[in-house]
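Trainee: This is data.txt, which holds compact mmCIF, C-alpha atoms:
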# COMPACT_ATOMS: atom_id res chain seq x y z
CA MET A 1 16.65 -3.25 -6.89
CA VAL A 2 19.30 -5.27 -8.77
CA TYR A 3 18.61 -8.02 -11.29
CA SER A 4 20.79 -10.95 -12.35
CA GLU A 5 20.38 -14.19 -14.26
CA GLN A 6 21.03 -17.57 -12.66
CA HIS A 7 21.31 -20.49 -15.08
CA SER A 8 20.68 -23.99 -13.79
CA ASP A 9 22.45 -25.72 -16.73
CA GLY A 10 20.43 -28.79 -15.83
CA ALA A 11 22.51 -29.04 -12.66
CA LEU A 12 20.04 -31.06 -10.59
CA LEU A 13 21.55 -34.42 -11.43
CA LYS A 14 21.37 -37.51 -9.25
CA GLY A 15 23.63 -37.25 -6.23
CA ARG A 16 24.23 -33.53 -6.59
CA THR A 17 23.14 -30.88 -4.12
CA PHE A 18 20.58 -28.30 -5.12
CA ASP A 19 21.45 -24.68 -5.72
CA PRO A 20 20.68 -22.55 -2.62
CA ASP A 21 17.57 -20.98 -4.13
CA ILE A 22 15.74 -24.22 -4.86
CA ALA A 23 17.25 -26.41 -2.12
CA LYS A 24 15.47 -24.70 0.75
CA PHE A 25 12.08 -24.83 -0.95
CA VAL A 26 12.67 -28.46 -1.90
CA ALA A 27 13.42 -29.15 1.77
CA THR A 28 10.02 -27.72 2.76
CA ILE A 29 8.30 -29.86 0.11
CA ARG A 30 10.10 -33.02 1.22
CA LYS A 31 8.94 -32.53 4.79
CA ARG A 32 5.41 -33.01 3.44
CA PHE A 33 5.61 -35.01 0.21
CA SER A 34 7.78 -37.41 -1.69
CA PHE A 35 9.48 -35.23 -4.29
CA SER A 36 11.85 -36.68 -6.84
CA GLU A 37 14.99 -35.12 -8.27
CA ALA A 38 13.28 -35.00 -11.66
CA GLU A 39 10.41 -32.98 -10.18
CA ALA A 40 12.86 -30.67 -8.45
CA GLU A 41 14.75 -30.19 -11.69
CA ARG A 42 11.59 -29.28 -13.59
CA LEU A 43 10.79 -26.67 -10.98
CA SER A 44 14.36 -25.35 -10.83
CA GLU A 45 14.52 -24.87 -14.60
CA ARG A 46 11.66 -22.39 -14.36
CA ILE A 47 13.36 -20.24 -11.70
CA THR A 48 16.00 -18.13 -13.40
CA LEU A 49 15.72 -14.41 -12.65
CA THR A 50 16.88 -13.16 -9.26
CA THR A 51 16.19 -9.72 -7.84
CA VAL A 52 17.82 -8.01 -4.86
CA TYR A 53 15.63 -5.73 -2.76
CA ASP A 54 16.87 -3.26 -0.17
CA ARG A 55 15.57 -3.22 3.40
CA GLU A 56 12.01 -1.80 3.52
CA GLU A 57 11.63 -1.97 -0.26
CA PHE A 58 8.35 -3.42 -1.53
CA LEU A 59 8.43 -6.72 -3.38
CA VAL A 60 4.75 -6.27 -4.13
CA ARG A 61 2.40 -3.43 -3.22
CA GLU A 62 -1.20 -3.95 -2.21
CA ASP A 63 -3.52 -3.87 -5.26
CA GLU A 64 -0.57 -4.18 -7.66
CA ARG A 65 -1.25 -6.60 -10.52
CA ILE A 66 1.56 -9.14 -10.77
CA HIS A 67 2.37 -12.05 -13.06
CA PHE A 68 4.92 -13.94 -10.99
CA SER A 69 5.44 -15.45 -7.54
CA SER A 70 8.54 -14.79 -5.44
CA LEU A 71 10.80 -17.35 -3.77
CA ILE A 72 12.99 -16.01 -0.96
CA ILE A 73 16.62 -17.02 -1.47
CA GLU A 74 18.21 -14.82 1.21
CA GLY A 75 16.82 -12.42 3.78
CA TYR A 76 13.55 -11.86 5.61
CA ALA A 77 10.37 -10.39 4.13
CA ALA A 78 6.87 -9.90 5.49
CA ARG A 79 3.25 -9.71 4.51
CA ALA A 80 1.86 -6.45 5.88
CA LYS A 81 -1.21 -4.26 5.93
CA TYR A 82 -0.54 -0.51 6.01
CA ASN A 83 -2.63 2.18 7.66
CA GLU A 84 -3.21 5.66 6.29
CA ASP A 85 -0.65 7.10 8.72
CA GLY A 86 2.05 4.74 7.42
CA SER A 87 1.95 2.38 10.40
CA ARG A 88 1.54 -1.31 9.65
CA GLN A 89 0.63 -4.70 11.01
CA ILE A 90 2.94 -7.50 9.91
CA THR A 91 0.78 -10.58 9.36
CA GLN A 92 3.42 -13.17 8.50
CA LEU A 93 7.20 -13.46 8.31
CA GLN A 94 8.86 -14.99 5.24
CA ILE A 95 12.24 -16.67 5.50
CA PRO A 96 14.59 -18.26 2.93
CA GLY A 97 12.86 -21.14 1.19
CA ASP A 98 9.40 -19.53 1.31
CA PHE A 99 7.30 -18.78 -1.73
CA VAL A 100 5.75 -15.59 -0.44
CA ASP A 101 2.87 -15.16 -2.87
CA LEU A 102 1.91 -18.36 -4.66
CA HIS A 103 -1.70 -17.33 -4.10
CA SER A 104 -1.08 -14.45 -6.52
CA TYR A 105 -1.21 -17.09 -9.28
CA PRO A 106 -5.02 -17.33 -9.12
CA LEU A 107 -5.62 -13.91 -7.54
CA GLU A 108 -3.29 -11.75 -9.72
CA VAL A 109 -3.81 -8.82 -7.30
CA LEU A 110 -2.91 -9.05 -3.61
CA ASP A 111 -4.92 -7.50 -0.78
CA HIS A 112 -1.73 -6.79 1.19
CA SER A 113 1.84 -5.71 0.59
CA ILE A 114 5.01 -7.79 0.70
CA VAL A 115 8.03 -5.87 1.98
CA ALA A 116 11.68 -6.71 2.57
CA LEU A 117 12.56 -6.47 6.26
CA THR A 118 16.24 -7.00 5.47
CA SER A 119 18.13 -6.97 2.21
CA CYS A 120 16.43 -9.77 0.25
CA THR A 121 17.28 -11.83 -2.78
CA ILE A 122 14.25 -13.37 -4.45
CA ALA A 123 13.74 -15.58 -7.49
CA LYS A 124 10.69 -15.21 -9.69
CA LEU A 125 8.46 -18.00 -10.92
CA HIS A 126 6.20 -16.56 -13.59
CA HIS A 127 2.56 -17.58 -13.55
CA THR A 128 2.77 -18.84 -17.13
CA ASP A 129 5.51 -21.21 -15.98
CA ILE A 130 3.33 -22.39 -13.08
CA SER A 131 0.59 -23.20 -15.60
CA GLU A 132 3.01 -25.18 -17.74
CA LEU A 133 4.38 -27.05 -14.72
CA ILE A 134 0.87 -28.03 -13.65
CA ASP A 135 -0.11 -29.03 -17.18
CA HIS A 136 2.94 -31.30 -17.36
CA ASP A 137 2.50 -32.72 -13.84
CA PRO A 138 -0.90 -32.15 -12.16
CA ARG A 139 0.58 -33.35 -8.85
CA MET A 140 2.63 -30.14 -8.80
CA ALA A 141 -0.64 -28.25 -8.38
CA ARG A 142 -1.32 -30.06 -5.09
CA ILE A 143 2.21 -29.38 -3.83
CA LEU A 144 2.05 -25.65 -4.61
CA TRP A 145 -1.53 -25.37 -3.36
CA PHE A 146 -0.50 -27.09 -0.14
CA SER A 147 2.09 -24.36 0.42
CA THR A 148 -0.64 -21.71 0.25
CA MET A 149 -2.76 -23.72 2.70
CA VAL A 150 0.12 -23.75 5.20
CA ASP A 151 0.34 -19.97 4.82
CA ALA A 152 -3.36 -19.77 5.71
CA ALA A 153 -2.79 -21.98 8.77
CA MET A 154 0.02 -19.68 9.92
CA HIS A 155 -2.25 -16.65 9.51
CA ARG A 156 -4.85 -18.27 11.76
CA GLU A 157 -2.21 -19.05 14.37
CA TRP A 158 -0.93 -15.47 14.24
CA ILE A 159 -4.48 -14.19 14.86
CA GLN A 160 -4.77 -16.42 17.90
CA ASN A 161 -1.32 -15.40 19.10
CA ILE A 162 -2.03 -11.67 18.93
CA GLY A 163 -5.62 -11.97 20.08
CA SER A 164 -5.36 -14.34 23.04
CA ARG A 165 -1.75 -14.65 24.21
CA GLU A 166 -0.06 -12.00 26.28
CA GLY A 167 3.43 -10.82 27.14
CA LYS A 168 6.18 -13.42 27.09
CA ALA A 169 3.92 -16.14 25.66
CA ARG A 170 3.15 -14.06 22.57
CA ILE A 171 6.76 -13.28 21.72
CA ALA A 172 7.88 -16.81 22.67
CA HIS A 173 5.37 -18.31 20.23
CA LEU A 174 6.76 -16.30 17.33
CA ILE A 175 10.32 -17.30 18.24
CA CYS A 176 9.33 -20.98 18.44
CA GLU A 177 7.67 -20.79 15.01
CA ILE A 178 10.64 -19.18 13.27
CA HIS A 179 12.99 -21.66 14.92
CA ALA A 180 10.89 -24.61 13.68
CA ARG A 181 10.71 -23.20 10.15
CA SER A 182 14.44 -22.41 10.16
CA GLU A 183 15.25 -26.01 11.12
CA VAL A 184 13.39 -27.29 8.05
CA VAL A 185 15.57 -25.27 5.66
CA GLY A 186 18.86 -25.88 7.49
CA LEU A 187 19.14 -22.44 9.07
CA ALA A 188 19.04 -23.54 12.71
CA ASP A 189 21.81 -25.40 14.53
CA ASN A 190 21.29 -26.78 18.02
CA GLY A 191 18.83 -24.06 18.95
CA THR A 192 20.75 -21.20 17.34
CA PHE A 193 19.39 -19.34 14.31
CA ASP A 194 19.47 -15.93 12.65
CA PHE A 195 16.68 -13.57 13.63
CA PRO A 196 17.53 -10.32 11.84
CA LEU A 197 14.46 -8.28 12.77
CA THR A 198 14.75 -5.03 14.66
CA GLN A 199 12.78 -4.69 17.88
CA THR A 200 10.48 -2.24 16.08
CA GLN A 201 9.75 -4.81 13.36
CA LEU A 202 9.19 -7.48 16.00
CA GLY A 203 6.70 -5.16 17.67
CA GLU A 204 4.87 -4.75 14.35
CA CYS A 205 4.48 -8.54 14.23
CA LEU A 206 3.10 -8.76 17.75
CA GLY A 207 1.20 -5.54 18.39
CA PHE A 208 3.77 -4.39 20.97
CA SER A 209 5.77 -1.19 21.25
CA GLN A 210 9.54 -1.34 20.79
CA ILE A 211 9.95 -0.62 24.51
CA HIS A 212 7.66 -3.51 25.45
CA VAL A 213 9.52 -5.87 23.09
CA ASN A 214 12.82 -4.89 24.70
CA ARG A 215 11.40 -5.56 28.16
CA LEU A 216 9.98 -8.98 27.21
CA LEU A 217 13.19 -10.13 25.52
CA ARG A 218 15.11 -9.11 28.62
CA GLN A 219 12.74 -11.15 30.78
CA LEU A 220 13.11 -14.22 28.55
CA ARG A 221 16.88 -13.84 28.76
CA GLU A 222 16.88 -13.37 32.53
CA ASP A 223 14.62 -16.42 32.93
CA GLY A 224 17.19 -18.47 31.02
CA TYR A 225 15.00 -19.35 28.04
CA LEU A 226 17.20 -17.77 25.38
CA THR A 227 19.81 -15.23 24.43
CA PHE A 228 19.36 -12.69 21.65
CA LYS A 229 22.58 -11.02 20.58
CA GLU A 230 23.68 -9.44 17.31
CA LYS A 231 20.49 -10.65 15.58
CA ILE A 232 21.12 -14.29 16.53
CA ILE A 233 18.84 -16.20 18.91
CA THR A 234 20.00 -19.21 20.90
CA ILE A 235 17.27 -21.16 22.68
CA HIS A 236 18.58 -22.74 25.87
CA LYS A 237 15.38 -24.38 27.15
CA ARG A 238 13.39 -25.36 24.09
CA ASP A 239 10.71 -27.52 25.71
CA GLU A 240 10.13 -24.96 28.43
CA LEU A 241 9.91 -22.13 25.88
CA CYS A 242 7.35 -24.11 23.85
CA ASP A 243 5.36 -24.74 27.03
CA LEU A 244 5.42 -21.05 27.89
CA ALA A 245 4.24 -20.17 24.38
CA GLY A 246 1.65 -22.93 24.09
CA PHE A 247 3.46 -23.78 20.84
CA ASP A 248 2.26 -26.84 18.93
CA PRO A 249 3.90 -27.16 15.49
CA ASN A 250 1.02 -29.15 13.99
CA TYR A 251 -0.23 -26.06 12.14
CA LEU A 252 3.03 -26.05 10.15
CA TYR A 253 2.20 -29.51 8.72
CA LEU A 254 5.75 -30.85 8.90
CA THR A 255 4.85 -34.52 8.39
CA LYS A 256 4.59 -36.50 5.15
CA ARG A 257 1.31 -36.64 3.23
CA SER A 258 -0.01 -39.94 1.91
CA SER A 259 0.81 -39.11 -1.71
Would you kindly transcribe this structure into structure tokens?
Mentor:
Amino acid sequence: MVYSEQHSDGALLKGRTFDPDIAKFVATIRKRFSFSEAEAERLSERITLTTVYDREEFLVREDERIHFSSLIIEGYAARAKYNEDGSRQITQLQIPGDFVDLHSYPLEVLDHSIVALTSCTIAKLHHTDISELIDHDPRMARILWFSTMVDAAMHREWIQNIGSREGKARIAHLICEIHARSEVVGLADNGTFDFPLTQTQLGECLGFSQIHVNRLLRQLREDGYLTFKEKIITIHKRDELCDLAGFDPNYLYLTKRSS
């Protein structure tokens, strides 16, 4: 892994755009809360150290004690549980703008691993800095806690998806979710978005073999729902794909809270 320092220099001034690392997370916050530039600046000032992880490198290993939480700047990562034979079940995908382990702040030790599925750049927010942010502005605790609650909602939806949906509906639901989350952080354009997972990794998300994933993607393409080429998905019939998947984005909580 490679480390580098990023200095904000107090750059989050009125009328200026946010640096890529904080802008995507701020976008997710602002879908749910009012969030001022001063609040964004206070958060940004605490996020300074970036780390680059290679594909399949662990950001955090299960049972490893950690003292920071990781914000994805670039790349895809995943929460995963590993079996003794090295196989795994991916339990959630993490995209740019996600804090992948804010719950490590109270827990300190995770009961699962976090692994880079592609080359990933992450920024660290140390738990001592989270404590200072919350002490200065208790409302920040609700905002960060809310993010962990959305993670829990996604886990429940993934359980339902794997446990009760079959075939095309199961894979379509995952595609609809990643598209909706990509839109929030500005990574989707008119139904087109990056989806850099291999078919093997996609199978590990869904409980399918690589061969079955290939067959289902081909069926979705032949039915005119989407195209998937060079790790880019374009959805051609969004409403129909959501209907096929039974996808309701309410579990992502993409509307404003009252305070």
Trainee: One decimal, in Å: what's the spacing between atom CA of Arg30 of chain A and atom CA of Glu132 of chain A?
Mentor: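 That distance, rounded to one decimal, is 21.7 Å.
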Trainee: Would you mind telling me which residue in A:Thr91, A:Ile130, A:Thr48, A:Ile22 lies nearest to Ser69 of chain A when using only C-alpha atoms?
Mentor: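 The answer is A:Ile130, which sits nearest to Ser69 of chain A.
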Trainee: Any idea what the distance is between atom CA of Pro106 of chain A and atom CA of Thr118 of chain A?
Mentor: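 Computing it gives 27.8 Å between the two atoms.
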Trainee: Let me make sure I understand: among A:Ser119, A:Gln160, A:Thr148, A:Thr28, which one has the smallest atom-to-atom distance to Glu183 of chain A if we use all atoms listed in the file?
Mentor: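 Of A:Ser119, A:Gln160, A:Thr148, A:Thr28, the one nearest Glu183 of chain A is A:Thr28, counting all atoms listed in the file.
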Trainee: Provide the atom CA of Glu57 of chain A to atom CA of Glu204 of chain A distance in Å, to one decimal place.
Mentor: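 Interatomic distance, atom CA of Glu57 of chain A to atom CA of Glu204 of chain A: 16.3 Å.
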Trainee: Counting all atoms listed in the file, figure out which residue out of A:Asp85, A:Glu177, A:Asp54, A:Asp137 gets nearest to Thr121 of chain A.
Mentor: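 Going through A:Asp85, A:Glu177, A:Asp54, A:Asp137 one by one, the smallest distance to Thr121 of chain A is for A:Asp54.
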Trainee: Kindly indicate which residue among A:Leu252, A:Leu43, A:Val26, A:Ala78 lies nearest to His179 of chain A, using all atoms listed in the file for the distances.
Mentor: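 When distances to His179 of chain A are compared using all atoms listed in the file, the smallest one comes from A:Leu252.
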Trainee: Kindly extract all protein, DNA and RNA residues lying within 10 Å of the coordinates (15.0, -20.7, 0.5) given in the file, considering only C-alpha atoms, and supply them as a CSV table (one decimal) with C-alpha atoms, keeping the file's coordinate frame.
Mentor:
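This is the output file out13.csv:
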chain,number,residue,atom,x,y,z
A,19,ASP,CA,21.4,-24.7,-5.7
A,20,PRO,CA,20.7,-22.6,-2.6
A,21,ASP,CA,17.6,-21.0,-4.1
A,22,ILE,CA,15.7,-24.2,-4.9
A,23,ALA,CA,17.2,-26.4,-2.1
A,24,LYS,CA,15.5,-24.7,0.8
A,25,PHE,CA,12.1,-24.8,-1.0
A,26,VAL,CA,12.7,-28.5,-1.9
A,27,ALA,CA,13.4,-29.2,1.8
A,28,THR,CA,10.0,-27.7,2.8
A,71,LEU,CA,10.8,-17.4,-3.8
A,72,ILE,CA,13.0,-16.0,-1.0
A,73,ILE,CA,16.6,-17.0,-1.5
A,74,GLU,CA,18.2,-14.8,1.2
A,75,GLY,CA,16.8,-12.4,3.8
A,94,GLN,CA,8.9,-15.0,5.2
A,95,ILE,CA,12.2,-16.7,5.5
A,96,PRO,CA,14.6,-18.3,2.9
A,97,GLY,CA,12.9,-21.1,1.2
A,98,ASP,CA,9.4,-19.5,1.3
A,99,PHE,CA,7.3,-18.8,-1.7
A,121,THR,CA,17.3,-11.8,-2.8
A,122,ILE,CA,14.2,-13.4,-4.4
A,123,ALA,CA,13.7,-15.6,-7.5
A,182,SER,CA,14.4,-22.4,10.2
A,185,VAL,CA,15.6,-25.3,5.7
A,186,GLY,CA,18.9,-25.9,7.5
A,187,LEU,CA,19.1,-22.4,9.1
Trainee: Let me make sure I understand: among A:Arg215, A:Ile233, A:His136, A:Lys168, which one has the smallest atom-to-atom distance to Ala188 of chain A if we use only C-alpha atoms?
Mentor: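 Answer, going by the shortest atom-to-atom distance: A:Ile233.
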Trainee: Dump as a PyMOL selection string all residues having an atom at most 8 Å from (16.1, -8.5, 6.0), computed in the file's coordinates with only C-alpha atoms.
Mentor: chain A and resi 55+75-77+116-120+196-197
Trainee: Which residue gives the smallest distance to Ala40 of chain A among A:Ala180, A:Ile114, A:Leu133, A:Leu220, with only C-alpha atoms counted?
Mentor: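 Using only C-alpha atoms, the shortest distance to Ala40 of chain A belongs to A:Leu133.
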Trainee: As a list in words, please: the residues near Phe33 of chain A (cut-off 8 Å, all atoms listed in the file, same-chain neighbours under 4 positions excluded).
Mentor: Ile29, Ile143, Lys256, Arg257, Ser258 and Ser259 of chain A
Trainee: Excluding His103 of chain A and residues on its chain fewer than 3 positions from it, collect all residues at most 10 Å away from it, counting all atoms listed in the file, and give them as a list in words.
Mentor: Ser69, Phe99, Val100, Pro106, Leu107, Glu108, Val109, Leu110, Leu144, Trp145, Ser147, Thr148, Met149 and Asp151 of chain A
Trainee: Need the shell around Lys231 of chain A: protein/DNA/RNA residues with any atom at most 7 Å away, counting all atoms listed in the file. Skip same-chain ones fewer than 3 positions apart. Format as a PyMOL selection string?
Mentor: chain A and resi 194-196+228
Trainee: Using C-alpha atoms, can you write the selected residues to a file as a compact mmCIF listing (two decimals), keeping the file's coordinate frame?
Mentor:
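out28.txt, written as the output of this step:
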# COMPACT_ATOMS: atom_id res chain seq x y z
CA ASP A 194 19.47 -15.93 12.65
CA PHE A 195 16.68 -13.57 13.63
CA PRO A 196 17.53 -10.32 11.84
CA PHE A 228 19.36 -12.69 21.65
Trainee: Might you pull out every residue within 10 Å of Val150 of chain A, with only C-alpha atoms counted and same-chain residues fewer than 5 positions away left off, and present them as a ChimeraX atom specification?
Mentor: /A:145,155-156,251-254
